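J.: This one is my_file-v8.cif, mmCIF, C-alpha atoms; chains and numbers go by the auth columns.
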data_target
#
loop_
_atom_site.group_PDB
_atom_site.id
_atom_site.type_symbol
_atom_site.label_atom_id
_atom_site.label_comp_id
_atom_site.label_asym_id
_atom_site.label_seq_id
_atom_site.Cartn_x
_atom_site.Cartn_y
_atom_site.Cartn_z
_atom_site.B_iso_or_equiv
_atom_site.auth_seq_id
_atom_site.auth_asym_id
ATOM 1 C CA MET A 1 -71.111 -34.221 -4.702 0.00 1 A
ATOM 2 C CA THR A 2 -74.403 -35.327 -3.360 0.00 2 A
ATOM 3 C CA GLY A 3 -75.873 -38.571 -2.229 0.00 3 A
ATOM 4 C CA LYS A 4 -73.743 -41.656 -1.825 0.00 4 A
ATOM 5 C CA TRP A 5 -70.420 -39.921 -2.628 0.00 5 A
ATOM 6 C CA GLU A 6 -70.504 -37.581 0.356 0.00 6 A
ATOM 7 C CA PRO A 7 -68.133 -38.764 3.088 0.00 7 A
ATOM 8 C CA GLN A 8 -69.745 -39.653 6.398 0.00 8 A
ATOM 9 C CA PRO A 9 -67.490 -38.972 9.406 0.00 9 A
ATOM 10 C CA LEU A 10 -66.853 -41.815 11.856 0.00 10 A
ATOM 11 C CA ASP A 11 -65.020 -41.971 15.207 0.00 11 A
ATOM 12 C CA ARG A 12 -64.474 -45.709 15.707 0.00 12 A
ATOM 13 C CA LEU A 13 -60.671 -45.464 15.449 0.00 13 A
ATOM 14 C CA ARG A 14 -60.484 -42.647 17.989 0.00 14 A
ATOM 15 C CA GLU A 15 -62.830 -44.510 20.316 0.00 15 A
ATOM 16 C CA ALA A 16 -60.587 -47.593 20.074 0.00 16 A
ATOM 17 C CA TYR A 17 -57.111 -45.978 20.068 0.00 17 A
ATOM 18 C CA GLY A 18 -57.392 -42.326 21.095 0.00 18 A
ATOM 19 C CA ILE A 19 -56.025 -39.576 18.863 0.00 19 A
ATOM 20 C CA ASP A 20 -52.827 -41.449 17.957 0.00 20 A
ATOM 21 C CA VAL A 21 -52.226 -44.962 16.662 0.00 21 A
ATOM 22 C CA GLU A 22 -48.938 -46.821 16.284 0.00 22 A
ATOM 23 C CA LEU A 23 -48.299 -48.723 13.065 0.00 23 A
ATOM 24 C CA LEU A 24 -45.386 -50.925 12.108 0.00 24 A
ATOM 25 C CA ALA A 25 -43.319 -49.598 9.222 0.00 25 A
ATOM 26 C CA ASP A 26 -41.832 -51.890 6.566 0.00 26 A
ATOM 27 C CA ASP A 27 -38.600 -52.025 8.597 0.00 27 A
ATOM 28 C CA GLY A 28 -40.500 -53.283 11.661 0.00 28 A
ATOM 29 C CA GLU A 29 -40.196 -50.017 13.597 0.00 29 A
ATOM 30 C CA ALA A 30 -43.309 -48.593 15.281 0.00 30 A
ATOM 31 C CA GLU A 31 -44.403 -45.208 13.979 0.00 31 A
ATOM 32 C CA SER A 32 -46.943 -42.949 15.667 0.00 32 A
ATOM 33 C CA PHE A 33 -49.696 -41.501 13.477 0.00 33 A
ATOM 34 C CA ARG A 34 -52.254 -38.862 14.450 0.00 34 A
ATOM 35 C CA ILE A 35 -55.791 -39.848 13.422 0.00 35 A
ATOM 36 C CA LEU A 36 -56.991 -36.841 11.437 0.00 36 A
ATOM 37 C CA ALA A 37 -60.259 -38.353 10.256 0.00 37 A
ATOM 38 C CA GLU A 38 -62.161 -41.574 9.686 0.00 38 A
ATOM 39 C CA TYR A 39 -64.962 -41.593 7.155 0.00 39 A
ATOM 40 C CA ARG A 40 -67.238 -43.828 5.138 0.00 40 A
ATOM 41 C CA LEU A 41 -67.189 -43.211 1.401 0.00 41 A
ATOM 42 C CA ASN A 42 -69.437 -45.337 -0.769 0.00 42 A
ATOM 43 C CA ASP A 43 -68.992 -48.894 0.554 0.00 43 A
ATOM 44 C CA ALA A 44 -65.528 -48.384 2.071 0.00 44 A
ATOM 45 C CA VAL A 45 -64.191 -46.803 5.261 0.00 45 A
ATOM 46 C CA TYR A 46 -60.990 -44.762 5.148 0.00 46 A
ATOM 47 C CA ALA A 47 -58.682 -43.113 7.650 0.00 47 A
ATOM 48 C CA ALA A 48 -56.528 -40.043 7.125 0.00 48 A
ATOM 49 C CA LEU A 49 -53.384 -40.327 9.276 0.00 49 A
ATOM 50 C CA GLN A 50 -50.302 -38.186 9.725 0.00 50 A
ATOM 51 C CA THR A 51 -46.913 -38.555 11.434 0.00 51 A
ATOM 52 C CA ALA A 52 -45.135 -35.564 12.951 0.00 52 A
ATOM 53 C CA MET A 53 -42.762 -35.508 9.954 0.00 53 A
ATOM 54 C CA MET A 54 -45.686 -35.642 7.512 0.00 54 A
ATOM 55 C CA ARG A 55 -47.317 -32.731 9.378 0.00 55 A
ATOM 56 C CA LYS A 56 -44.222 -30.591 8.688 0.00 56 A
ATOM 57 C CA GLU A 57 -44.487 -31.450 4.980 0.00 57 A
ATOM 58 C CA ASP A 58 -48.301 -31.040 4.968 0.00 58 A
ATOM 59 C CA GLU A 59 -48.712 -34.647 3.794 0.00 59 A
ATOM 60 C CA VAL A 60 -51.449 -37.098 4.730 0.00 60 A
ATOM 61 C CA ALA A 61 -51.521 -40.897 4.456 0.00 61 A
ATOM 62 C CA PHE A 62 -54.740 -42.736 3.663 0.00 62 A
ATOM 63 C CA PHE A 63 -55.636 -46.234 4.793 0.00 63 A
ATOM 64 C CA ARG A 64 -58.607 -48.511 4.337 0.00 64 A
ATOM 65 C CA VAL A 65 -60.281 -49.377 7.670 0.00 65 A
ATOM 66 C CA LEU A 66 -61.431 -52.985 7.978 0.00 66 A
ATOM 67 C CA ASP A 67 -63.373 -54.793 10.672 0.00 67 A
ATOM 68 C CA GLY A 68 -60.846 -57.317 11.917 0.00 68 A
ATOM 69 C CA GLY A 69 -63.318 -59.392 13.882 0.00 69 A
ATOM 70 C CA ASP A 70 -63.723 -59.425 17.660 0.00 70 A
ATOM 71 C CA GLY A 71 -64.563 -55.700 17.407 0.00 71 A
ATOM 72 C CA ARG A 72 -60.993 -54.878 16.337 0.00 72 A
ATOM 73 C CA LEU A 73 -60.308 -52.415 13.569 0.00 73 A
ATOM 74 C CA GLU A 74 -57.465 -52.954 11.123 0.00 74 A
ATOM 75 C CA LEU A 75 -55.743 -50.472 8.847 0.00 75 A
ATOM 76 C CA GLU A 76 -54.760 -51.608 5.370 0.00 76 A
ATOM 77 C CA SER A 77 -52.527 -49.752 2.926 0.00 77 A
ATOM 78 C CA ILE A 78 -54.195 -48.530 -0.256 0.00 78 A
ATOM 79 C CA GLU A 79 -52.129 -49.809 -3.167 0.00 79 A
ATOM 80 C CA ASP A 80 -54.505 -48.786 -5.985 0.00 80 A
ATOM 81 C CA GLU A 81 -53.795 -45.231 -7.160 0.00 81 A
ATOM 82 C CA ASP A 82 -57.415 -44.552 -8.165 0.00 82 A
ATOM 83 C CA GLU A 83 -58.705 -45.698 -4.776 0.00 83 A
ATOM 84 C CA TRP A 84 -56.050 -43.559 -3.030 0.00 84 A
ATOM 85 C CA GLU A 85 -57.249 -40.531 -5.041 0.00 85 A
ATOM 86 C CA THR A 86 -60.854 -41.318 -4.107 0.00 86 A
ATOM 87 C CA ALA A 87 -59.890 -41.488 -0.416 0.00 87 A
ATOM 88 C CA ALA A 88 -57.977 -38.178 -0.714 0.00 88 A
ATOM 89 C CA GLU A 89 -60.901 -36.455 -2.447 0.00 89 A
ATOM 90 C CA GLY A 90 -63.257 -37.762 0.239 0.00 90 A
ATOM 91 C CA TYR A 91 -60.985 -36.336 2.935 0.00 91 A
ATOM 92 C CA ASP A 92 -60.865 -32.965 1.146 0.00 92 A
ATOM 93 C CA ALA A 93 -64.668 -32.957 0.946 0.00 93 A
ATOM 94 C CA LEU A 94 -64.875 -33.810 4.642 0.00 94 A
ATOM 95 C CA LEU A 95 -62.550 -30.901 5.490 0.00 95 A
ATOM 96 C CA PHE A 96 -64.569 -28.553 3.328 0.00 96 A
ATOM 97 C CA GLU A 97 -67.789 -29.569 5.086 0.00 97 A
ATOM 98 C CA SER A 98 -66.262 -29.195 8.567 0.00 98 A
ATOM 99 C CA GLY A 99 -64.381 -25.979 7.794 0.00 99 A
ATOM 100 C CA GLY A 100 -60.884 -27.366 8.455 0.00 100 A
ATOM 101 C CA HIS A 101 -58.942 -30.004 10.370 0.00 101 A
ATOM 102 C CA ARG A 102 -60.733 -31.855 13.130 0.00 102 A
#
Any chance you could put this one into structure tokens?
T.:
Amino acid sequence: MTGKWEPQPLDRLREAYGIDVELLADDGEAESFRILAEYRLNDAVYAALQTAMMRKEDEVAFFRVLDGGDGRLELESIEDEDEWETAAEGYDALLFESGGHR
């Protein structure tokens, strides 16, 4: 894992929203997610997020981070299973490099 594949940590989401961000669920309800990490991997930027319930189950959700224009950042669900795995592996590599959760 050298070169372009190594995840590069970013803090744009935390700078914009703090440590938590609220997202709308499919049912329209707001759900609070903790921002665990934001990182660039190859040509994409990903975010690892976790709700309180997910924390109890040791689960993490991954989203693609997009520049929404006007300096806004948008989070987009990752529908492709291979891309989701890539994002998860990048997060694992980031944790390994940092020695644990941020």
J.: Between atom CA of A:Ala16 and atom CA of A:Arg72, what is the distance, to one decimal in Å?
T.: 8.2 Å
J.: May I have the residues within 10 Å of A:Ala37 as a PyMOL selection string, using only C-alpha atoms and disregarding those fewer than 3 positions away in the same chain?
T.: chain A and resi 9-11+13-14+19+34+46-50+62+91+94-95+101-102
J.: Which residues fall under the PyMOL selection byres ((chain A and resi 7) around 9) in this file, as a VMD selection string?
T.: chain A and resid 4 to 6 8 to 9 39 to 42 90 to 91 93 to 94
J.: Residues within 8 Å of A:Ser32, please, as an mmCIF file with C-alpha atoms, in the coordinates of the input. Count only C-alpha atoms; anything in the same chain fewer than 6 positions from it doesn't count.
T.:
data_model
loop_
_atom_site.group_PDB
_atom_site.id
_atom_site.type_symbol
_atom_site.label_atom_id
_atom_site.label_comp_id
_atom_site.auth_asym_id
_atom_site.auth_seq_id
_atom_site.Cartn_x
_atom_site.Cartn_y
_atom_site.Cartn_z
ATOM 1 C CA ASP A 20 -52.827 -41.449 17.957
ATOM 2 C CA VAL A 21 -52.226 -44.962 16.662
ATOM 3 C CA GLU A 22 -48.938 -46.821 16.284
ATOM 4 C CA LEU A 23 -48.299 -48.723 13.065
ATOM 5 C CA THR A 51 -46.913 -38.555 11.434
#
J.: Please determine an axis-aligned box that encloses all atoms of stretch 20-32 of chain A listed in the file, with 5 Å added on each side, and express its centre and edge lengths in Å to one decimal as AutoDock Vina command-line options.
T.:
--center_x -45.7 --center_y -47.4 --center_z 12.3 --size_x 24.2 --size_y 21.8 --size_z 21.4
J.: Which distance in Å separates atom CA of A:Phe96 and atom CA of A:Asp67, to one decimal?
T.: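 These two atoms are separated by 27.3 Å.
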J.: So what do you get for atom CA of A:Leu75 versus atom CA of A:Asp27, distance-wise?
T.: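 Separation of atom CA of A:Leu75 and atom CA of A:Asp27: 17.2 Å.
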J.: Fewer than 4 positions away in the same chain doesn't count, so skip those; otherwise give me all residues within 12 Å of A:Asp26, counting all atoms listed in the file, as number ranges by chain.
T.: A: 30-31, 77
J.: Could you dump the residues just selected with C-alpha atoms as a compact mmCIF listing (two decimals), keeping the file's coordinate frame?
T.:
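The result, stored in result13.txt:
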# COMPACT_ATOMS: atom_id res chain seq x y z
CA ALA A 30 -43.31 -48.59 15.28
CA GLU A 31 -44.40 -45.21 13.98
CA SER A 77 -52.53 -49.75 2.93
J.: Under the rule that only C-alpha atoms are counted, which of A:Ala25, A:Met54, A:Ile35, A:Ala61 is the nearest residue to A:Glu79?
T.: A:Ala61
J.: Would you please work out which residue, of A:Val60, A:Ser98, A:Asp82, A:Leu66, is nearest to A:Leu36 when using all atoms listed in the file?
T.: A:Val60
J.: So, counting all atoms listed in the file, which residue among A:Asp43, A:Gly28, A:Glu15, A:Phe63 is closest to A:Ala88?
T.: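 Between A:Asp43, A:Gly28, A:Glu15, A:Phe63, the residue approaching A:Ala88 most closely is A:Phe63.
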J.: I'd like to know which of A:Glu57, A:Glu97, A:Arg12, A:Ala87 is closest to A:Gly71, using all atoms listed in the file.
T.: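 Using all atoms listed in the file, the shortest distance to A:Gly71 belongs to A:Arg12.
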